[in-house]
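Since the structure comes first, as structure tokens, the remarks are kept for the end.
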Amino acid sequence: MTVDSGFQRALAFARDLVRIPSLPGEEREVADRVRQEMEALGYDEVWVDRAGNVIGILRGQGSAAPVMLSCHLDVVAAGDPVEWEHGPFSGDVAGGCLHGRGAMDIKGPLAVQTHAAARLAGRAPGDIIVAHTVLEERGGLGMAYLLESGDVTPAVVIIGEATAGDIAIGHRGRAEIEIHIHGVAAHASVPELARNALDVVPSVLTCVRELAVALQADVDPVLGCASVVATDVSARPESRNVIPDLATVVLDWRTLPGMTEADYVRRVEEVLAGGVPSLPDGCRIDVRFARERQRTYTGFEEERSLHTPGFLMQPEHPVVRAAVAALSARGTRPEVRPWRFATDGGYTCGTHGIPTIGFAPGEERLAHTNRERLELSSAEEVFEAYPGLILAVQEAVA
Ligand SMILES: [Zn+2]
């Protein structure tokens with residue numbers, strides 16, 4: 001490892017990125033820095049789209065199918081800096097690791113992908129798209145926008161979320177669902193005039209537990225089973241001397257691929273229909289996806305469902321086999337497995353059907369913690385492996 005090896009330049013870039021905080025919706029400065037780096041590396045085209053995603057293209061020699069590499073620009077909050085051994089925005093390198101928020105999720109891998117792809121400039125048989133997205137940590141508005149815009153049309157995607165050098169082939173999705181229980185409000189001193197929405201909550205929670213048990217019957221051999229759990233109960237109006245006419249139960253559903261938003265809602269409605277005793281006059285229950293209005297740093301706004309799709313690639317898929325072969329040729333033995341967490345791959349593969357795998361350094365269990373770090377030996381191996389991997393998956397979809 002020499003001082004100005006390709007990997008050392010990628011590491012210097014990663015350290016710069018860690019030093020720029022970039023909470024979801026506040027990615028402007030980090031996006032500028034990424035754009036500048038792509039231009040310096042000789043990318044043929046570099047632009048920032050309306051949502052604030054940064055996209056760089058390395059034109060291929062021929063017309064082979066375009067491959068896209070992708071990480072995200074945002075990171076989760078750092079919490080109390082005192083709790084960190086190395087400052088969250090220090091970009092410290094110590095003990096063979098890069099430390100800080102985003103070191104592995106995902107600025108280190110972003111730097112590795114961006115620099116490793118540039119080594120194939122003018123040499124790949126097709127275009128290489130490198131697209132780093134906004135708001136991944138808030139459900140993936142950036143990737144959803146990028147694919148819907150049609151600005152890029154990748155035939156295969158490699159996501160840079162931590163895999164510790166393994167090949168990731170999917171993950172469960174996440175759906176946030178609200179059960180709204182409508183009653184009739186009244187002053188707390190005259191309960192006979194009210195239909196208290198909170199009275200219905202216990203039977204709703206019982207139904208949710210029944211649904212959770214039912215989901216265990218459906219086991220995917222790779223992803224395991226879906227899970228659902230109630231994570232919040234709230235009442236409106238909030239006044240403590242008013243009987244509420246609205247109680248809301250929030251569900252966090254970790255989903256298996258293959259169901260639509262309407263399917264989830266129907267499944268909840270069915271279990272409630274079977275388990276909630278008949279409601280008094282003037283009361284009703286409705287089930288819907290939680291929605292949120294989101295705004296990117298460029299001012300682009302969208303109201304969207306809080307739903308990140310899941311996806312699963314079969315281990316025998318030609319892209320997965322080609323990826324394993326490319327890494328095995330380097331003497332490593334990558335495991336083929338799912339991620340525990342959700343990624344932008346839910347949009348590329350789950351929604352758009354584009355073959356997608358994950359490959360990156362870093363341990364998933366350190367994501368979002370105050371011990372976040374990236375082991376440099378693993379990052380360097382991944383950096384060296386990336387060009388061969390890109391060419392292999394590009395050929396596999398030809
Ligand atoms: Zn991430």
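Going through the structure tokens in order, the chains are called A, B, and so on, while each chain numbers its residues from 1 and the ligands are numbered from 1 in the order shown.
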
Report task. For ligand 1, collect every residue having any atom at a distance of at most 7 Å from a ligand atom (counting only C-alpha atoms and all ligand atoms); output as a PyMOL selection string. Result -> chain A and resi 72+105-106+137+161+343

Next, write the just-selected residues to a file, as a compact mmCIF listing (two decimals), in the first residue's frame, keeping C-alpha atoms as the atom set.
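To be explicit, this is the file written out as out28.txt:
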# COMPACT_ATOMS: atom_id res chain seq x y z
CA HIS A 72 -26.56 7.31 -0.40
CA ASP A 105 -22.85 3.62 6.33
CA ILE A 106 -22.01 4.77 3.81
CA GLU A 137 -32.39 6.97 5.63
CA GLU A 161 -24.40 -1.04 1.90
CA THR A 343 -31.72 -0.53 1.25

Query - Spatial neighbours of segment 303-320 of chain A, max dist 9 Å, only C-alpha atoms, sep filter under 5 positions, as number ranges by chain - result: A: 138-141, 156, 167-177, 222-223, 254-258, 261, 289-295, 325, 336-338, 342-351, 353, 355-357, 392-397

Query - Test item: residues at most 12 Å from Val34 of chain A, only C-alpha atoms, excluding those fewer than 2 positions along its chain, as a PyMOL selection string - result: chain A and resi 10+13-14+16-18+20+27-32+36-41+43+46-48+52-56+71-73+107+110-111+113-115+130-133

Atoms to include: C-alpha atoms. Write the selected residues as a CSV table (one decimal), in the first residue's frame.
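Done, and the output landed in result09.csv:
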chain,number,residue,atom,x,y,z
A,10,ALA,CA,-10.3,6.9,-2.1
A,13,PHE,CA,-12.0,11.3,-0.1
A,14,ALA,CA,-13.9,9.2,2.4
A,16,ASP,CA,-13.5,14.4,3.7
A,17,LEU,CA,-17.0,13.1,3.4
A,18,VAL,CA,-17.2,11.9,7.0
A,20,ILE,CA,-19.2,16.9,6.3
A,27,GLU,CA,-27.0,16.7,1.8
A,28,ARG,CA,-26.1,19.8,-0.2
A,29,GLU,CA,-22.5,20.2,0.9
A,30,VAL,CA,-21.7,16.5,0.7
A,31,ALA,CA,-23.3,16.4,-2.8
A,32,ASP,CA,-21.1,19.2,-3.9
A,36,GLN,CA,-16.3,17.7,-7.5
A,37,GLU,CA,-14.6,14.4,-6.9
A,38,MET,CA,-16.3,12.8,-9.9
A,39,GLU,CA,-15.2,15.7,-12.1
A,40,ALA,CA,-11.6,15.4,-10.8
A,41,LEU,CA,-11.6,11.7,-11.5
A,43,TYR,CA,-16.2,11.1,-15.2
A,46,VAL,CA,-21.6,14.5,-13.8
A,47,TRP,CA,-24.9,16.2,-12.7
A,48,VAL,CA,-27.2,16.7,-9.8
A,52,GLY,CA,-30.4,16.3,-5.3
A,53,ASN,CA,-29.0,12.9,-6.3
A,54,VAL,CA,-25.5,13.1,-7.7
A,55,ILE,CA,-25.0,11.1,-10.9
A,56,GLY,CA,-21.8,10.4,-12.7
A,71,CYS,CA,-24.7,4.5,-2.2
A,72,HIS,CA,-26.6,7.3,-0.4
A,73,LEU,CA,-25.5,10.8,0.6
A,107,LYS,CA,-19.4,7.4,3.0
A,110,LEU,CA,-19.3,5.6,-1.5
A,111,ALA,CA,-15.7,6.7,-1.9
A,113,GLN,CA,-17.3,2.7,-5.4
A,114,THR,CA,-16.7,6.2,-6.9
A,115,HIS,CA,-12.9,5.7,-7.2
A,130,VAL,CA,-22.5,5.9,-10.3
A,131,ALA,CA,-25.5,7.4,-8.6
A,132,HIS,CA,-25.5,8.5,-4.9
A,133,THR,CA,-29.0,9.3,-3.6

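Residue neighbourhood of segment 87-93 of chain A, excluding near-sequence residues (fewer than 6 positions): Arg15, Val18, Arg19, His99, Gly100 and Arg101 of chain A, at 6 Å, using only C-alpha atoms.
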
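Note that atom CA of Arg340 of chain A and atom CA of Asp220 of chain A are 13.8 Å apart.
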
Query - Long-range neighbours of Val229 of chain A as a list in words, 12 Å cut-off, only C-alpha atoms, 6 positions minimum in chain - result: Arg174, Ala175, Glu176, Ile177, Glu178, Val204, Leu205, Thr206, Cys207, Val208, Arg209, Glu210, Leu211, Ala212, Val213, Leu215, Val249, Val250, Leu251, Asp252, Trp253, Arg254, Thr255 and Val268 of chain A

Requested in this report: Within 12 Å of Met104 of chain A, counting only C-alpha atoms, which residues show up once you throw out same-chain ones fewer than 5 positions away? Write them as a VMD selection string, please.
Outcome: chain A and resid 11 14 to 15 17 to 18 71 to 72 75 to 76 91 97 to 99 109 to 112 160 to 164 360 to 376 378 to 379

Requested in this report: Can you list, as a VMD selection string, all residues belonging to segment 94-182 of chain A that DSSP tags as strand (DSSP E)?
Outcome: chain A and resid 94 97 to 99 126 to 133 156 to 159 167 to 168 170 to 171 173 to 182

Can I get the selected residues back with C-alpha atoms, as a JSON list (two decimals), in the first residue's frame?
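Here's the written file part-v1.json:
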[["chain", "number", "residue", "atom", "x", "y", "z"],
["A", 94, "ALA", "CA", -6.74, 4.85, 13.94],
["A", 97, "CYS", "CA", -10.05, 1.79, 10.81],
["A", 98, "LEU", "CA", -11.75, 4.94, 9.54],
["A", 99, "HIS", "CA", -13.98, 6.22, 12.35],
["A", 126, "GLY", "CA", -20.78, -0.49, -21.51],
["A", 127, "ASP", "CA", -21.59, 2.58, -19.45],
["A", 128, "ILE", "CA", -20.97, 2.66, -15.72],
["A", 129, "ILE", "CA", -23.43, 4.84, -13.83],
["A", 130, "VAL", "CA", -22.47, 5.92, -10.32],
["A", 131, "ALA", "CA", -25.48, 7.42, -8.55],
["A", 132, "HIS", "CA", -25.52, 8.50, -4.93],
["A", 133, "THR", "CA", -28.96, 9.29, -3.56],
["A", 156, "VAL", "CA", -27.94, -4.24, -13.21],
["A", 157, "VAL", "CA", -27.21, -2.52, -9.89],
["A", 158, "ILE", "CA", -24.61, -2.93, -7.15],
["A", 159, "ILE", "CA", -25.56, -1.30, -3.83],
["A", 167, "ILE", "CA", -22.72, -10.75, -1.77],
["A", 168, "ALA", "CA", -26.10, -9.52, -0.50],
["A", 170, "GLY", "CA", -32.09, -9.04, -0.81],
["A", 171, "HIS", "CA", -33.81, -7.96, 2.34],
["A", 173, "GLY", "CA", -39.14, -4.44, 3.27],
["A", 174, "ARG", "CA", -40.63, -2.07, 5.80],
["A", 175, "ALA", "CA", -44.20, -0.81, 5.82],
["A", 176, "GLU", "CA", -45.52, 1.68, 8.36],
["A", 177, "ILE", "CA", -49.27, 1.29, 8.72],
["A", 178, "GLU", "CA", -51.78, 3.29, 10.78],
["A", 179, "ILE", "CA", -55.01, 1.93, 12.22],
["A", 180, "HIS", "CA", -57.34, 4.88, 12.85],
["A", 181, "ILE", "CA", -60.12, 4.23, 15.35],
["A", 182, "HIS", "CA", -62.82, 6.90, 15.10]]

Query - Who sits within 6 Å of Asp74 of chain A, only C-alpha atoms, same chain under 4 positions skipped, as a list in words - result: Ser22, Leu23, Pro24 and Val134 of chain A
